[in-house]
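Below: one structure, written as structure tokens.
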Amino acid sequence: MIDKRMTCAAEAVADIADGSSIMIGGFGEAGSPIELIHALIDQGASDLTVISNNTGSGEVGLAALLKHRRVTKVICSFPKTLNSTVFPELYEEGFTELELVPQGTLAERIRAGGAGVPAFYTPTAVGTPLAEGKEHRELNGREYLLEFGLTADFSLIKGVTADTHGNVLYNKTARNFAPIMATAGAVTIVQAAEVVEPGALPPETIVTPGIFVDRVVEVPEPAHESELIAAGVSYP
Amino acid sequence: MSQQTETIGWTREEMARRLAQDIPNGSYVNLGIGIPELVARFVPEGRTFIYHTENGLLGMGPSPEEGAGDPELINAGKRHVTANPGAAYFHHADSFAMIRGGHLDLSVLGAMQVSSTGDLANWSTGKPGAIPAVGGAMDLVAGVKQVFVMTQHCTKTGDPKLVDACTYPLTGRGVVDRIYSDLAVIDVTKEGFRVIELGPGVDFGTVQERTGAPLLPAGDQG
């Protein structure tokens, strides 16, 4: 019998070691696995490399992980968000390094990494400062640059419903990076508002097939970043 | 002597209305954050545009009523939106396959500078110490079939935004097709900027005065 359920978020993130690379789903607050991130803060791992589109807001979730000085490098496309004050300070101080990647290139690097493709050519960013130092090649009369696939030690993502085999469904635009990050994490951990038995989800509707998922945690009423910020929460 | 208030040209809403007239029915459109978002308010009678937002929604609808927003239904600017009938959600790699793969018809973006060869700078001033953030702009200009820029003709300090060569870091090279400013509609052609329409009360000389590159007049088709 396959059962990927963990009893709690703390158990799901217990073996994340110092120095790990971690993909964290979400676009702004939509799809951010806040409870998994908070469990990671409690767990204490540091010197982390985080791959995520943004750098969090306020002092909860991803921003809180940064604030507690656990992240020494971020790979992201847009490290500026409303209420985002934590990352700018760490960046200016030189504590957290930034690798800036165009959003579509970030998505494709993750997709490629998860699909066993080590590198690919893309037209994005040709002629810009983000192309400097990268291998260029002309194909079919157009200039492209070489980008490398991305994988990570762990992926932390948020679904709305999962089954015990790790099949996942998402909610609206909270899907964003989660399905591709699920493929690119050596260990993919999913928090879902509901975890059901195999067979409860129609196979035709599955977005992330369970093969990409290692651990599932039920978080029945996940918090939303904006609501925590409005309530003045600073985690922990 | 009191400062004369400038009344020539188009307002932002009028710019959006003018731009919307040039979008064919049934177009798949990505509107950038900021002024370009106004375009959605001025869809001409009888036309339907399908809006793409790069965070994973095709068929984006208007903002919901105050208080009715869903934190998991947002646009690229991270504001609450709605999904129209016929909408679809998808993940980021699919979303940028739509963009980079040339499936979207039009991208409307803001600009810090546009060059007469269609180079666009709209993501960074390149100032040392500033935190760079690029988002999806470089992917949009690299992949979408047509790129329209919607911008004030000059900066707040009166410097031209339409120039011979951009001094800010580029978003893309030779990517802009047309510019809708408060003063004029201007095509980027092989010969350089060509004015195709002047705003109300605007004459060609005024636009030229406020542009950092030579302009070709509308009638002169070479």
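Letters A, B, ... go to the chains of the structure tokens in the order shown; residues in each chain start at 1; ligands are counted from 1 in the same order.
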
*Give the strand (DSSP E or B) residues of segment 6-233 of chain A, as assigned by DSSP on the backbone, as a PyMOL selection string.*
chain A and resi 21-24+27+30+48-51+59+71-76+97-100+119-122+136-139+142-148+152-163+168-169+185-196+208+215-218

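The residues of segment 42-196 of chain B that DSSP assigns to helix (DSSP H, G or I) on this backbone come out as Phe42, His92, Ala93, Asp94, Ser95, Phe96, Ala97, Met98, Ile99, Arg100, Ala137, Met138, Asp139, Leu140, Val141, Ala142 and Gly143 of chain B.
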
Could the residues of chain A that have an atom at most 6 Å from chain B be listed as JSON lines, each with its closest atom pair and the distance in Å to one decimal, counting only C-alpha atoms and ordered by chain and ascending residue number?
```
{"residue": "A:Ala30", "atom": "CA", "partner": "B:Glu72", "partner_atom": "CA", "distance": 4.6}
{"residue": "A:Ser77", "atom": "CA", "partner": "B:Gly135", "partner_atom": "CA", "distance": 4.9}
{"residue": "A:Phe78", "atom": "CA", "partner": "B:Ala133", "partner_atom": "CA", "distance": 4.5}
{"residue": "A:Pro79", "atom": "CA", "partner": "B:Ala133", "partner_atom": "CA", "distance": 5.8}
{"residue": "A:Pro102", "atom": "CA", "partner": "B:Gly135", "partner_atom": "CA", "distance": 5.7}
{"residue": "A:Gln103", "atom": "CA", "partner": "B:Gly136", "partner_atom": "CA", "distance": 4.8}
{"residue": "A:Gly104", "atom": "CA", "partner": "B:Phe96", "partner_atom": "CA", "distance": 5.2}
{"residue": "A:Ala107", "atom": "CA", "partner": "B:Ala93", "partner_atom": "CA", "distance": 5.2}
{"residue": "A:Glu108", "atom": "CA", "partner": "B:Ala93", "partner_atom": "CA", "distance": 5.7}
{"residue": "A:Thr124", "atom": "CA", "partner": "B:Asp139", "partner_atom": "CA", "distance": 5.1}
{"residue": "A:Ala125", "atom": "CA", "partner": "B:Met138", "partner_atom": "CA", "distance": 5.6}
{"residue": "A:Gly127", "atom": "CA", "partner": "B:Arg173", "partner_atom": "CA", "distance": 5.8}
{"residue": "A:Thr128", "atom": "CA", "partner": "B:Leu170", "partner_atom": "CA", "distance": 5.0}
{"residue": "A:Lys172", "atom": "CA", "partner": "B:Leu73", "partner_atom": "CA", "distance": 5.8}
{"residue": "A:Thr173", "atom": "CA", "partner": "B:Leu73", "partner_atom": "CA", "distance": 5.2}
{"residue": "A:Ala174", "atom": "CA", "partner": "B:Glu72", "partner_atom": "CA", "distance": 5.1}
{"residue": "A:Arg175", "atom": "CA", "partner": "B:His91", "partner_atom": "CA", "distance": 5.9}
{"residue": "A:Asn176", "atom": "CA", "partner": "B:His91", "partner_atom": "CA", "distance": 4.6}
{"residue": "A:Phe177", "atom": "CA", "partner": "B:His92", "partner_atom": "CA", "distance": 5.4}
```

Prev. selection, C-alpha atoms, output as a PDB file, in the first residue's frame:
```pdb
ATOM      1  CA  ALA A  30      -1.170  32.728  -4.450  1.00  0.00           C
ATOM      2  CA  SER A  77      12.394  36.828 -11.346  1.00  0.00           C
ATOM      3  CA  PHE A  78      10.825  39.539  -9.242  1.00  0.00           C
ATOM      4  CA  PRO A  79      12.343  40.169  -5.804  1.00  0.00           C
ATOM      5  CA  PRO A 102      13.409  36.248 -16.450  1.00  0.00           C
ATOM      6  CA  GLN A 103      10.159  34.647 -15.346  1.00  0.00           C
ATOM      7  CA  GLY A 104       9.676  32.473 -18.423  1.00  0.00           C
ATOM      8  CA  ALA A 107       9.814  28.412 -15.481  1.00  0.00           C
ATOM      9  CA  GLU A 108      11.517  26.676 -18.401  1.00  0.00           C
ATOM     10  CA  THR A 124      14.487  35.629 -23.987  1.00  0.00           C
ATOM     11  CA  ALA A 125      16.990  38.228 -22.738  1.00  0.00           C
ATOM     12  CA  GLY A 127      20.706  41.727 -26.140  1.00  0.00           C
ATOM     13  CA  THR A 128      20.107  42.534 -22.466  1.00  0.00           C
ATOM     14  CA  LYS A 172      -7.056  28.831  -9.736  1.00  0.00           C
ATOM     15  CA  THR A 173      -3.884  30.925 -10.133  1.00  0.00           C
ATOM     16  CA  ALA A 174      -2.368  29.299  -7.037  1.00  0.00           C
ATOM     17  CA  ARG A 175      -1.173  26.605  -9.448  1.00  0.00           C
ATOM     18  CA  ASN A 176       1.569  28.759 -11.077  1.00  0.00           C
ATOM     19  CA  PHE A 177       5.003  27.164 -10.490  1.00  0.00           C
TER      20      PHE A 177
END
```

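Going from atom CA of Ala119 of chain A over to atom CA of Cys76 of chain A, you cover 17.9 Å.
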
Env of Glu218 of chain A: 8 Å cut, atoms = only C-alpha atoms, seq-sep filter 3 positions within chain, self excluded. Answer as a short mmCIF file (atom, residue, chain, number, x, y, z; two decimals) with C-alpha atoms, in the first residue's frame.
```cif
data_model
loop_
_atom_site.label_atom_id
_atom_site.label_comp_id
_atom_site.auth_asym_id
_atom_site.auth_seq_id
_atom_site.Cartn_x
_atom_site.Cartn_y
_atom_site.Cartn_z
CA ARG A 5 0.81 11.17 4.11
CA CYS A 8 2.21 17.13 10.19
CA GLN A 191 0.50 20.65 1.55
CA ALA A 192 -3.15 20.31 0.57
CA ALA A 193 -6.34 21.50 2.22
CA GLU A 194 -7.75 18.01 1.82
CA VAL A 195 -6.11 14.61 1.42
#
```

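For the residues B:Thr48, B:Ser115, B:Gln152, B:Ser124, ranking by smallest atom-to-atom distance to Asp177 of chain B using only C-alpha atoms places B:Ser115 first.
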